[in-house]
Number of protein chains: 2
Amino acid sequence: MQAAMAINSLNRPHPSLIPTRSEVGRSDVDTAGKAGCGDCVLGKLCLPRIFTSLSQDSVRGHLNSLVRQNKALLKRKDVLFHQGHEFDSLYVVRTGAIKTVMLDENGTEHITGFHLPGDIVGLDGISTSRYATTAIALDSTSVCTLPFAALEKVASQVPDVQHHVFRIMAQEIQKDQHMMLTLGHRSAEQRLAGFLLRLSQHFQHRHLAADSFRLPMSRGEIGNFLGLAVETVCRILTRFQKIELLQTDGRSVSQLDIAGLKALMSTPVREL
Amino acid sequence: MQAAMAINSLNRPHPSLIPTRSEVGRSDVDTAGKAGCGDCVLGKLCLPRIFTSLSQDSVRGHLNSLVRQNKALLKRKDVLFHQGHEFDSLYVVRTGAIKTVMLDENGTEHITGFHLPGDIVGLDGISTSRYATTAIALDSTSVCTLPFAALEKVASQVPDVQHHVFRIMAQEIQKDQHMMLTLGHRSAEQRLAGFLLRLSQHFQHRHLAADSFRLPMSRGEIGNFLGLAVETVCRILTRFQKIELLQTDGRSVSQLDIAGLKALMSTPVREL
DNA sequence: CGTGCATTTGACTACGCTCAATTCCGGTGG
DNA sequence: CCACCGGAATTGAGCGTAGTCAAATGCACG
């Protein structure tokens, strides 16, 4: 199975980070999906962040042709794109969850982000024309494909679209900078509290319960992402349970005390 | 002096991070400068990253009109733009150095980046139409101003320009993600080694000595940026001197052992 | 020439990592 | 359907890196 191959090649450090494209092409994911994405292009579920406020028919036409029938279904551990492969598309997560993993020079894996429905993945590939990370599904996940060349074309014809793409990229920059702050200046407790709050917020925005949800990732992945050892993540979670900030059962989190976590966040920070 | 005011308001936590624009406008920097930026628009010194490979006269005209006479000179500690102020322009550092500082909810300062000649600052303002950081000159610094509205207009008319802007923003994303890795997964020694190497590389690209240069920022600023205490930065620098990886004299660094530092970087990393 | 910040060094502390062992859970095959 | 296996999660013990506090020195700017 090709997807499995891709995963394995991730696990053992690969000397050449630029494998050829063909071997693990987009063919390892189901590109069929249900037909007729048309109605979701401007809807909230599919491309909420890009196309809000775009409604002229001409634009709608452009965008529909862009994403129509460009859906893909991924199973857990399927690879959406691979670090070093030629960049050609962005993807919008529709359901499920995706992690992006960077393999550094030494062969160590670093998770650069978790991406939930509405998020866009692949932006890191634009600068070098090669994906800078590998995107892996954490769950059964469906995505919309946005061929970047086509997106650029539409963007150059419709200023609104161009503007939106700029904004989306700038949002990513802000998000990453915020993460830099977190990693550089906050304690393990605060990192985890912030992480949970961000997840909670995400679910709230989608009209789901903000205080009780399922984590799509393992403790190990959380730790890797936050720069903490697995054991630290565990210990802090149990500590949080003891002081009633939340309850956990495996990957389920419930009774999240949002105010309490926020209070933790505003605790005196390392001044440095 | 208005610039000083701006600095002070940074040092003590300001409840409202969105001050009015007028009080500390762009008027606190010398916008005059020498006339005739025309010849540097496509040159290596002024806008190297944006306009490489653009040479058609039409493009040149657009770009010249964009940046001509839009230069500003900053003195040490002058504020180029202020967090929360309305975003309108990007800036290209021509000479000197700039730091971007983010003031978080708790009033703590976090340095999100140092920007040397050729770097672009202000990208973080695009997403919200307000600058997300305050940009402060570390030295006497000159910048080119790129009014963003005008840049967007040119970008929508000239696909090459649009593409370049996308790339520049994606580069920033990659840079920030790399920083996330550094902060989350590397030891203090490795962070500092990486920091020095990046500086060294920057100077080398501009045909300056790679193994001997002046740091434009204080130890404290380095520490803040790297998520380390000032004392740690000092201690590691003296340690580096003891093992002959470099020599320091105040802010001057010399005899940088680039290979040695690189070796340090590839030392086993925390697995997490 | 003095005041104040930057830098350096030392002593001590503590947060979070490592190593190790156990338990829990999910998936797989009999 | 249950037993088994392997990875995930949890908990404990001990340690090390880097932070905190404190003090001395250096340096720049007024």
# chains A, B, ... in the order shown; residues from 1 in each chain; ligands from 1

call {"tool": "interface_residues", "arguments": {"of": "chain A", "to": "chain B", "cutoff": "8 Å", "atoms": "only C-alpha atoms", "output": "PyMOL selection string"}}
result
chain A and resi 105-106+108+110+112+123-128+132+152+155-159+162-163+166-174+176-177+179-181+183-185+220+223-230+266+268-269+271-272

call {"tool": "write_last_selection", "arguments": {"atoms": "N, CA and C atoms", "output": "compact mmCIF listing (two decimals), in the first residue's frame"}}
result
# COMPACT_ATOMS: atom_id res chain seq x y z
N GLU A 105 17.29 18.19 9.29
CA GLU A 105 18.54 17.65 8.75
C GLU A 105 18.96 16.38 9.47
N ASN A 106 18.71 16.33 10.77
CA ASN A 106 19.16 15.19 11.56
C ASN A 106 18.18 14.02 11.52
N THR A 108 15.07 14.18 12.66
CA THR A 108 14.10 14.26 13.74
C THR A 108 12.79 14.81 13.22
N HIS A 110 9.38 16.89 13.58
CA HIS A 110 8.80 17.99 14.31
C HIS A 110 7.42 18.28 13.75
N THR A 112 4.66 20.68 12.96
CA THR A 112 4.57 22.14 12.84
C THR A 112 3.14 22.63 12.98
N LEU A 123 0.58 25.84 2.55
CA LEU A 123 1.13 27.17 2.30
C LEU A 123 2.65 27.19 2.32
N ASP A 124 3.24 26.30 3.12
CA ASP A 124 4.70 26.33 3.23
C ASP A 124 5.40 25.92 1.95
N GLY A 125 4.64 25.38 1.00
CA GLY A 125 5.27 24.95 -0.24
C GLY A 125 5.46 26.04 -1.26
N ILE A 126 4.77 27.14 -1.07
CA ILE A 126 4.76 28.19 -2.09
C ILE A 126 6.14 28.77 -2.35
N SER A 127 6.91 28.95 -1.28
CA SER A 127 8.16 29.70 -1.47
C SER A 127 9.19 28.95 -2.28
N THR A 128 9.30 27.65 -2.10
CA THR A 128 10.35 26.91 -2.79
C THR A 128 9.81 26.00 -3.89
N ALA A 132 7.30 21.90 2.31
CA ALA A 132 8.32 21.93 3.36
C ALA A 132 7.98 20.96 4.48
N GLU A 152 -3.77 31.23 -8.39
CA GLU A 152 -3.03 32.44 -8.72
C GLU A 152 -3.68 33.15 -9.90
N ALA A 155 -6.73 34.81 -8.78
CA ALA A 155 -6.36 35.93 -7.92
C ALA A 155 -5.92 37.13 -8.73
N SER A 156 -5.26 36.85 -9.84
CA SER A 156 -4.77 37.99 -10.62
C SER A 156 -5.89 38.63 -11.42
N GLN A 157 -7.01 37.88 -11.56
CA GLN A 157 -8.14 38.46 -12.29
C GLN A 157 -9.14 39.11 -11.36
N VAL A 158 -9.23 38.60 -10.16
CA VAL A 158 -10.19 39.13 -9.20
C VAL A 158 -9.46 39.66 -7.97
N PRO A 159 -9.32 40.96 -7.88
CA PRO A 159 -8.55 41.56 -6.78
C PRO A 159 -9.01 41.08 -5.41
N GLN A 162 -7.32 37.88 -4.66
CA GLN A 162 -5.92 38.13 -4.34
C GLN A 162 -5.78 38.61 -2.90
N HIS A 163 -6.61 39.55 -2.57
CA HIS A 163 -6.56 40.12 -1.22
C HIS A 163 -6.78 39.03 -0.17
N PHE A 166 -3.74 36.87 0.25
CA PHE A 166 -2.75 37.58 1.07
C PHE A 166 -3.11 37.48 2.54
N ARG A 167 -4.38 37.70 2.83
CA ARG A 167 -4.80 37.69 4.23
C ARG A 167 -4.62 36.32 4.85
N ILE A 168 -4.95 35.30 4.10
CA ILE A 168 -4.82 33.95 4.62
C ILE A 168 -3.36 33.64 4.95
N MET A 169 -2.48 34.06 4.05
CA MET A 169 -1.07 33.80 4.31
C MET A 169 -0.59 34.61 5.50
N ALA A 170 -1.07 35.83 5.61
CA ALA A 170 -0.66 36.67 6.73
C ALA A 170 -1.19 36.10 8.04
N GLN A 171 -2.37 35.51 7.99
CA GLN A 171 -2.92 34.87 9.19
C GLN A 171 -2.01 33.74 9.64
N GLU A 172 -1.54 32.98 8.67
CA GLU A 172 -0.62 31.90 9.00
C GLU A 172 0.64 32.47 9.67
N ILE A 173 1.13 33.57 9.15
CA ILE A 173 2.32 34.19 9.74
C ILE A 173 2.04 34.59 11.19
N GLN A 174 0.89 35.18 11.42
CA GLN A 174 0.55 35.59 12.78
C GLN A 174 0.45 34.39 13.71
N ASP A 176 1.90 31.50 13.41
CA ASP A 176 3.22 30.94 13.68
C ASP A 176 3.98 31.81 14.67
N GLN A 177 3.83 33.13 14.54
CA GLN A 177 4.55 34.00 15.46
C GLN A 177 4.01 33.82 16.87
N MET A 179 2.85 31.14 18.04
CA MET A 179 3.41 29.87 18.49
C MET A 179 4.85 30.07 18.96
N MET A 180 5.59 30.90 18.26
CA MET A 180 6.96 31.20 18.68
C MET A 180 6.96 31.77 20.10
N LEU A 181 6.05 32.68 20.36
CA LEU A 181 5.92 33.25 21.70
C LEU A 181 5.69 32.15 22.71
N LEU A 183 6.28 28.96 22.60
CA LEU A 183 7.40 28.05 22.81
C LEU A 183 8.57 28.73 23.53
N GLY A 184 8.74 30.01 23.27
CA GLY A 184 9.90 30.69 23.84
C GLY A 184 9.68 31.22 25.24
N HIS A 185 8.45 31.54 25.56
CA HIS A 185 8.23 32.31 26.79
C HIS A 185 7.26 31.70 27.78
N GLY A 220 1.80 12.03 22.64
CA GLY A 220 3.13 12.20 22.06
C GLY A 220 3.15 13.31 21.02
N GLY A 223 2.93 16.64 22.71
CA GLY A 223 4.22 16.98 23.29
C GLY A 223 5.20 17.45 22.23
N ASN A 224 5.29 16.71 21.15
CA ASN A 224 6.19 17.09 20.07
C ASN A 224 5.87 18.49 19.58
N PHE A 225 4.59 18.76 19.38
CA PHE A 225 4.17 20.06 18.87
C PHE A 225 4.51 21.18 19.85
N LEU A 226 4.32 20.93 21.14
CA LEU A 226 4.51 21.98 22.15
C LEU A 226 5.93 22.03 22.71
N GLY A 227 6.79 21.15 22.22
CA GLY A 227 8.15 21.14 22.74
C GLY A 227 8.22 20.57 24.14
N LEU A 228 7.42 19.56 24.43
CA LEU A 228 7.41 18.95 25.76
C LEU A 228 7.55 17.43 25.63
N ALA A 229 8.07 16.78 26.65
CA ALA A 229 8.13 15.33 26.66
C ALA A 229 6.73 14.77 26.89
N VAL A 230 6.49 13.59 26.35
CA VAL A 230 5.18 12.95 26.54
C VAL A 230 4.82 12.92 28.01
N SER A 266 -2.78 33.88 32.06
CA SER A 266 -2.40 35.27 32.36
C SER A 266 -1.55 35.34 33.62
N PRO A 268 1.77 35.32 35.74
CA PRO A 268 3.07 35.91 35.41
C PRO A 268 3.91 35.02 34.49
N VAL A 269 4.42 35.61 33.44
CA VAL A 269 5.17 34.89 32.42
C VAL A 269 6.66 35.12 32.66
N GLU A 271 9.99 36.51 32.29
CA GLU A 271 10.32 37.81 31.67
C GLU A 271 11.46 37.71 30.67
N LEU A 272 12.45 36.90 30.97
CA LEU A 272 13.64 36.77 30.10
C LEU A 272 14.29 38.11 29.80

call {"tool": "select_by_dssp", "arguments": {"residues": "stretch 179-257 of chain A", "states": "strand (DSSP E)", "output": "PyMOL selection string"}}
result
chain A and resi 213-214+247-249+252-254

call {"tool": "write_last_selection", "arguments": {"atoms": "all heavy atoms", "output": "PDB file, in the first residue's frame"}}
result
ATOM      1  N   PHE A 213     -14.638  17.672  24.087  1.00  0.00           N
ATOM      2  CA  PHE A 213     -14.353  17.247  22.702  1.00  0.00           C
ATOM      3  C   PHE A 213     -13.331  16.131  22.711  1.00  0.00           C
ATOM      4  O   PHE A 213     -12.789  15.769  23.765  1.00  0.00           O
ATOM      5  CB  PHE A 213     -13.838  18.423  21.874  1.00  0.00           C
ATOM      6  CG  PHE A 213     -12.790  19.250  22.567  1.00  0.00           C
ATOM      7  CD1 PHE A 213     -11.464  18.863  22.527  1.00  0.00           C
ATOM      8  CD2 PHE A 213     -13.128  20.409  23.279  1.00  0.00           C
ATOM      9  CE1 PHE A 213     -10.483  19.606  23.173  1.00  0.00           C
ATOM     10  CE2 PHE A 213     -12.148  21.159  23.934  1.00  0.00           C
ATOM     11  CZ  PHE A 213     -10.833  20.760  23.878  1.00  0.00           C
ATOM     12  N   ARG A 214     -13.074  15.625  21.523  1.00  0.00           N
ATOM     13  CA  ARG A 214     -12.135  14.528  21.369  1.00  0.00           C
ATOM     14  C   ARG A 214     -10.842  15.059  20.764  1.00  0.00           C
ATOM     15  O   ARG A 214     -10.869  15.786  19.772  1.00  0.00           O
ATOM     16  CB  ARG A 214     -12.753  13.463  20.449  1.00  0.00           C
ATOM     17  CG  ARG A 214     -12.122  12.123  20.596  1.00  0.00           C
ATOM     18  CD  ARG A 214     -13.108  10.982  20.261  1.00  0.00           C
ATOM     19  NE  ARG A 214     -12.741   9.765  20.950  1.00  0.00           N
ATOM     20  CZ  ARG A 214     -11.556   9.162  20.789  1.00  0.00           C
ATOM     21  NH1 ARG A 214     -10.687   9.648  19.965  1.00  0.00           N
ATOM     22  NH2 ARG A 214     -11.270   8.075  21.468  1.00  0.00           N
ATOM     23  N   GLN A 247     -11.599  17.071  32.680  1.00  0.00           N
ATOM     24  CA  GLN A 247     -11.572  15.630  32.871  1.00  0.00           C
ATOM     25  C   GLN A 247     -11.107  15.002  31.567  1.00  0.00           C
ATOM     26  O   GLN A 247     -11.413  15.508  30.489  1.00  0.00           O
ATOM     27  CB  GLN A 247     -12.968  15.108  33.231  1.00  0.00           C
ATOM     28  CG  GLN A 247     -13.453  15.594  34.603  1.00  0.00           C
ATOM     29  CD  GLN A 247     -12.488  15.220  35.720  1.00  0.00           C
ATOM     30  OE1 GLN A 247     -12.010  14.080  35.792  1.00  0.00           O
ATOM     31  NE2 GLN A 247     -12.169  16.178  36.581  1.00  0.00           N
ATOM     32  N   THR A 248     -10.331  13.936  31.665  1.00  0.00           N
ATOM     33  CA  THR A 248      -9.948  13.230  30.447  1.00  0.00           C
ATOM     34  C   THR A 248     -10.320  11.759  30.574  1.00  0.00           C
ATOM     35  O   THR A 248     -10.347  11.202  31.661  1.00  0.00           O
ATOM     36  CB  THR A 248      -8.424  13.294  30.178  1.00  0.00           C
ATOM     37  OG1 THR A 248      -7.742  12.562  31.192  1.00  0.00           O
ATOM     38  CG2 THR A 248      -7.927  14.714  30.146  1.00  0.00           C
ATOM     39  N   ASP A 249     -10.604  11.195  29.406  1.00  0.00           N
ATOM     40  CA  ASP A 249     -10.778   9.747  29.323  1.00  0.00           C
ATOM     41  C   ASP A 249     -10.190   9.351  27.989  1.00  0.00           C
ATOM     42  O   ASP A 249     -10.821   9.491  26.949  1.00  0.00           O
ATOM     43  CB  ASP A 249     -12.258   9.375  29.428  1.00  0.00           C
ATOM     44  CG  ASP A 249     -12.454   7.877  29.198  1.00  0.00           C
ATOM     45  OD1 ASP A 249     -11.488   7.117  29.433  1.00  0.00           O
ATOM     46  OD2 ASP A 249     -13.556   7.489  28.765  1.00  0.00           O
ATOM     47  N   SER A 252     -10.602  11.724  25.006  1.00  0.00           N
ATOM     48  CA  SER A 252     -11.751  12.608  25.218  1.00  0.00           C
ATOM     49  C   SER A 252     -11.461  13.576  26.351  1.00  0.00           C
ATOM     50  O   SER A 252     -10.963  13.180  27.408  1.00  0.00           O
ATOM     51  CB  SER A 252     -12.994  11.799  25.576  1.00  0.00           C
ATOM     52  OG  SER A 252     -13.197  10.779  24.641  1.00  0.00           O
ATOM     53  N   VAL A 253     -11.787  14.810  26.119  1.00  0.00           N
ATOM     54  CA  VAL A 253     -11.645  15.844  27.135  1.00  0.00           C
ATOM     55  C   VAL A 253     -13.042  16.353  27.452  1.00  0.00           C
ATOM     56  O   VAL A 253     -13.846  16.552  26.544  1.00  0.00           O
ATOM     57  CB  VAL A 253     -10.781  17.008  26.622  1.00  0.00           C
ATOM     58  CG1 VAL A 253     -10.727  18.121  27.657  1.00  0.00           C
ATOM     59  CG2 VAL A 253      -9.396  16.517  26.282  1.00  0.00           C
ATOM     60  N   SER A 254     -13.339  16.564  28.723  1.00  0.00           N
ATOM     61  CA  SER A 254     -14.658  17.100  29.058  1.00  0.00           C
ATOM     62  C   SER A 254     -14.565  18.027  30.256  1.00  0.00           C
ATOM     63  O   SER A 254     -13.533  18.083  30.935  1.00  0.00           O
ATOM     64  CB  SER A 254     -15.626  15.962  29.360  1.00  0.00           C
ATOM     65  OG  SER A 254     -15.130  15.161  30.414  1.00  0.00           O
TER      66      SER A 254
END

call {"tool": "atom_distance", "arguments": {"atom1": "atom CA of A:Leu138", "atom2": "atom CA of A:Thr238"}}
result
23.7 Å

call {"tool": "residues_around", "arguments": {"residues": "D:DC27", "least_positions_apart": "5", "cutoff": "12 Å", "atoms": "only C-alpha atoms (C1' of nucleotides)", "output": "PyMOL selection string"}}
result
(chain B and resi 249-251) or (chain C and resi 3-7)

call {"tool": "write_last_selection", "arguments": {"atoms": "C-alpha atoms (C1' of nucleotides)", "output": "compact mmCIF listing (two decimals), in the first residue's frame"}}
result
# COMPACT_ATOMS: atom_id res chain seq x y z
CA ASP B 249 34.34 41.91 22.43
CA GLY B 250 31.15 43.60 23.49
CA ARG B 251 28.88 43.32 20.50
C1' DT C 3 24.95 57.88 36.35
C1' DG C 4 22.58 54.03 34.51
C1' DC C 5 22.15 50.29 31.72
C1' DA C 6 24.57 46.13 29.74
C1' DT C 7 27.36 42.33 30.66

call {"tool": "interface_residues", "arguments": {"of": "chain D", "to": "chain A", "cutoff": "8 Å", "atoms": "only C-alpha atoms (C1' of nucleotides)", "output": "count of residues only"}}
result
3

call {"tool": "interface_residues", "arguments": {"of": "chain C", "to": "chain A", "cutoff": "10 Å", "atoms": "only C-alpha atoms (C1' of nucleotides)", "output": "NGL selection string"}}
result
:C and (15-18 or 24-25)

call {"tool": "residues_around", "arguments": {"residues": "B:Ile98", "least_positions_apart": "4", "cutoff": "12 Å", "atoms": "only C-alpha atoms (C1' of nucleotides)", "output": "ChimeraX atom specification"}}
result
/B:73-81,91-94,111-122,133-143,215-217,221

call {"tool": "atom_distance", "arguments": {"atom1": "atom CA of B:Gln204", "atom2": "atom CA of A:Gln83"}}
result
27.9 Å

call {"tool": "atom_distance", "arguments": {"atom1": "atom CA of A:Arg239", "atom2": "atom C1' of D:DG7"}}
result
24.0 Å

call {"tool": "residues_around", "arguments": {"residues": "stretch 21-23 of chain D", "least_positions_apart": "2", "cutoff": "9 Å", "atoms": "only C-alpha atoms (C1' of nucleotides)", "output": "list of chain:residue names"}}
result
C:DG10, C:DA11, C:DC12

call {"tool": "select_by_dssp", "arguments": {"residues": "stretch 28-242 of chain B", "states": "alpha helix (DSSP H)", "output": "JSON, numbers by chain"}}
result
{"B": [48, 49, 50, 51, 57, 58, 59, 60, 61, 62, 63, 64, 65, 66, 67, 148, 149, 150, 151, 152, 153, 154, 155, 156, 157, 159, 160, 161, 162, 163, 164, 165, 166, 167, 168, 169, 170, 171, 172, 173, 174, 175, 176, 177, 178, 179, 180, 181, 182, 183, 184, 185, 188, 189, 190, 191, 192, 193, 194, 195, 196, 197, 198, 199, 200, 201, 202, 203, 204, 205, 219, 220, 221, 222, 223, 224, 225, 226, 230, 231, 232, 233, 234, 235, 236, 237, 238, 239, 240, 241, 242]}
